[in-house]
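The structure appears right after this line, and notes come after that.
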Amino acid sequence: MFFEIKDLELHPIDFEEKFDPGAIDLGAEYRQRTPIVTSGRADLVEEHHGKHKIIQDIRIKGRLATTLELSCARCLEPVTQNVKRDFDLLYRPQGSDAGRDEMSVTDAEAEIGYYQGEGISLDDVVREQVLLAVPLKVTCRENCQGLCPHCGKNLNEGPCDCTVEIEEPRWAALKEIRGKLAN
């Protein structure tokens with residue numbers, strides 16, 4: 001679905017869309033397991049800059065829900081993640097803020113996105129919001145043991161057979177003193 005300025009000038013647009021798995025590219029690290037269900041409203045917000053300049057912002061307010069599968073950050077096993085998010089976004093025409101003197105950005109201005117051309121695609125908005133809703137690191141369980149750094153075995157399945165002793169270089173001086181005391 002594409003929200004065009006000329007349509008939004010006439011009336012707000014309500015939407016209710018379902019994106020099947022694979023319809024939106026979420027990247028290689030995420031596998032979409034259920035359709036992304038989204039609904040909301042898009043409308044036009046006219047912003048006056050000075051006496052004669054009017055900027056047409058697109059406001060998209062809605063919600064989405066889906067289920068993703070991603071890899072555990074420690075053991076790389078698949079983890080199912082339910083994603084739900086409410087959003088209230090403002091998109092301004094790209095270049096509308098150009099030429100303004102450098103100044104600090106307020107919290108409200110930091111939340112503004114930009115669009116090119118005659119409107120914005122709902123696909124792009126949904127993709128961005130799904131990716132923002134996923135935690136940076138997901139683990140399969142709170143006490144996940146991860147992988148052995150030497151052989152790569154999943155330590156949640158049991159200890160590995162590695163005989164490599166991991167020696168911490170910061171303890172080397174104390175080990176040397178212990179060796180001298182033993183002799």
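Chains: A, B, ... in order of the structure tokens. Residues: from 1 per chain. Ligands: from 1, in order shown.
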
query = Could you write out, as a VMD selection string, all the residues of chain A that DSSP marks as alpha helix (DSSP H)?
reply = chain A and resid 5 to 10 107 to 110 122 to 133 172 to 182

Residue list (strand (DSSP E), DSSP) for range 70-160 of chain A, as an MDAnalysis selection string = chainID A and resid 70:71 78:93 112:115 119:121

inquiry  = From the options A:Leu68, A:Val45, A:Ile55, A:Leu132, which residue's atoms come nearest to Leu90 in chain A, counting only C-alpha atoms?
reply    = A:Val45

Within 9 Å of Val126 in chain A using only C-alpha atoms, minus same-chain residues under 4 positions, as a VMD selection string = chain A and resid 24 36 38 64 121 to 122 130 to 131

May I have the residues from that selection written out with N, CA and C atoms, as an mmCIF file, in the first residue's frame?
```cif
data_model
loop_
_atom_site.group_PDB
_atom_site.id
_atom_site.type_symbol
_atom_site.label_atom_id
_atom_site.label_comp_id
_atom_site.auth_asym_id
_atom_site.auth_seq_id
_atom_site.Cartn_x
_atom_site.Cartn_y
_atom_site.Cartn_z
ATOM 1 N N ILE A 24 7.932 -9.068 2.952
ATOM 2 C CA ILE A 24 8.804 -7.956 3.355
ATOM 3 C C ILE A 24 10.154 -8.544 3.740
ATOM 4 N N ILE A 36 2.528 -10.705 9.126
ATOM 5 C CA ILE A 36 2.548 -9.435 9.870
ATOM 6 C C ILE A 36 1.175 -8.825 9.677
ATOM 7 N N THR A 38 -1.187 -5.691 10.418
ATOM 8 C CA THR A 38 -1.066 -4.292 10.792
ATOM 9 C C THR A 38 -2.352 -3.542 10.464
ATOM 10 N N LEU A 64 1.092 -3.316 14.962
ATOM 11 C CA LEU A 64 1.433 -4.504 14.187
ATOM 12 C C LEU A 64 1.723 -5.656 15.128
ATOM 13 N N SER A 121 5.538 4.277 1.326
ATOM 14 C CA SER A 121 5.020 2.916 1.238
ATOM 15 C C SER A 121 4.821 2.328 2.636
ATOM 16 N N LEU A 122 3.681 1.683 2.850
ATOM 17 C CA LEU A 122 3.413 1.029 4.127
ATOM 18 C C LEU A 122 4.409 -0.101 4.368
ATOM 19 N N VAL A 130 9.018 -3.417 12.587
ATOM 20 C CA VAL A 130 9.286 -4.786 13.028
ATOM 21 C C VAL A 130 10.728 -4.888 13.510
ATOM 22 N N LEU A 131 11.664 -4.356 12.729
ATOM 23 C CA LEU A 131 13.078 -4.441 13.108
ATOM 24 C C LEU A 131 13.378 -3.674 14.393
#
```

message = Residues within 12 Å of Thr80 in chain A, please, as a VMD selection string. Count only C-alpha atoms; anything in the same chain fewer than 5 positions from it doesn't count.
response = chain A and resid 30 to 34 66 to 72 134 138 to 141

Keeping C-alpha atoms, export the residues of the selection given above as a JSON list (two decimals), in the first residue's frame.
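What follows is the written file selection.json:
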```json
[["chain", "number", "residue", "atom", "x", "y", "z"],
["A", 30, "TYR", "CA", 15.08, -13.10, 10.95],
["A", 31, "ARG", "CA", 12.62, -15.72, 9.71],
["A", 32, "GLN", "CA", 9.00, -14.61, 9.70],
["A", 33, "ARG", "CA", 6.76, -17.44, 10.99],
["A", 34, "THR", "CA", 3.33, -15.78, 10.90],
["A", 66, "THR", "CA", 3.85, -11.11, 14.05],
["A", 67, "THR", "CA", 6.02, -14.01, 15.17],
["A", 68, "LEU", "CA", 9.67, -14.25, 14.15],
["A", 69, "GLU", "CA", 12.30, -16.93, 14.54],
["A", 70, "LEU", "CA", 15.86, -15.85, 15.21],
["A", 71, "SER", "CA", 19.02, -17.40, 16.60],
["A", 72, "CYS", "CA", 19.95, -17.42, 20.27],
["A", 134, "VAL", "CA", 13.03, -7.01, 18.02],
["A", 138, "VAL", "CA", 17.68, -12.86, 22.31],
["A", 139, "THR", "CA", 18.57, -15.97, 24.29],
["A", 140, "CYS", "CA", 16.78, -19.32, 24.26],
["A", 141, "ARG", "CA", 16.65, -19.27, 28.06]]
```

inquiry  = With distances taken over only C-alpha atoms, which residue among A:His11, A:Arg170, A:Lys61, A:Lys6 lies nearest Arg85 in chain A?
reply    =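 Comparing A:His11, A:Arg170, A:Lys61, A:Lys6 against Arg85 in chain A, the winner is A:Lys61.
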
key: Selection near Asp161 in chain A, 12 Å with only C-alpha atoms, sequence-local residues under 3 positions removed, as a list in words   = Cys148, His150, Cys151, Gly152, Lys153, Asn154, Leu155, Gly158, Val164 and Glu165 of chain A

key: Proximity to Gly62 in chain A - best of A:Gln116, A:Ser39, A:Gln145, A:Gln129, only C-alpha atoms   = A:Ser39
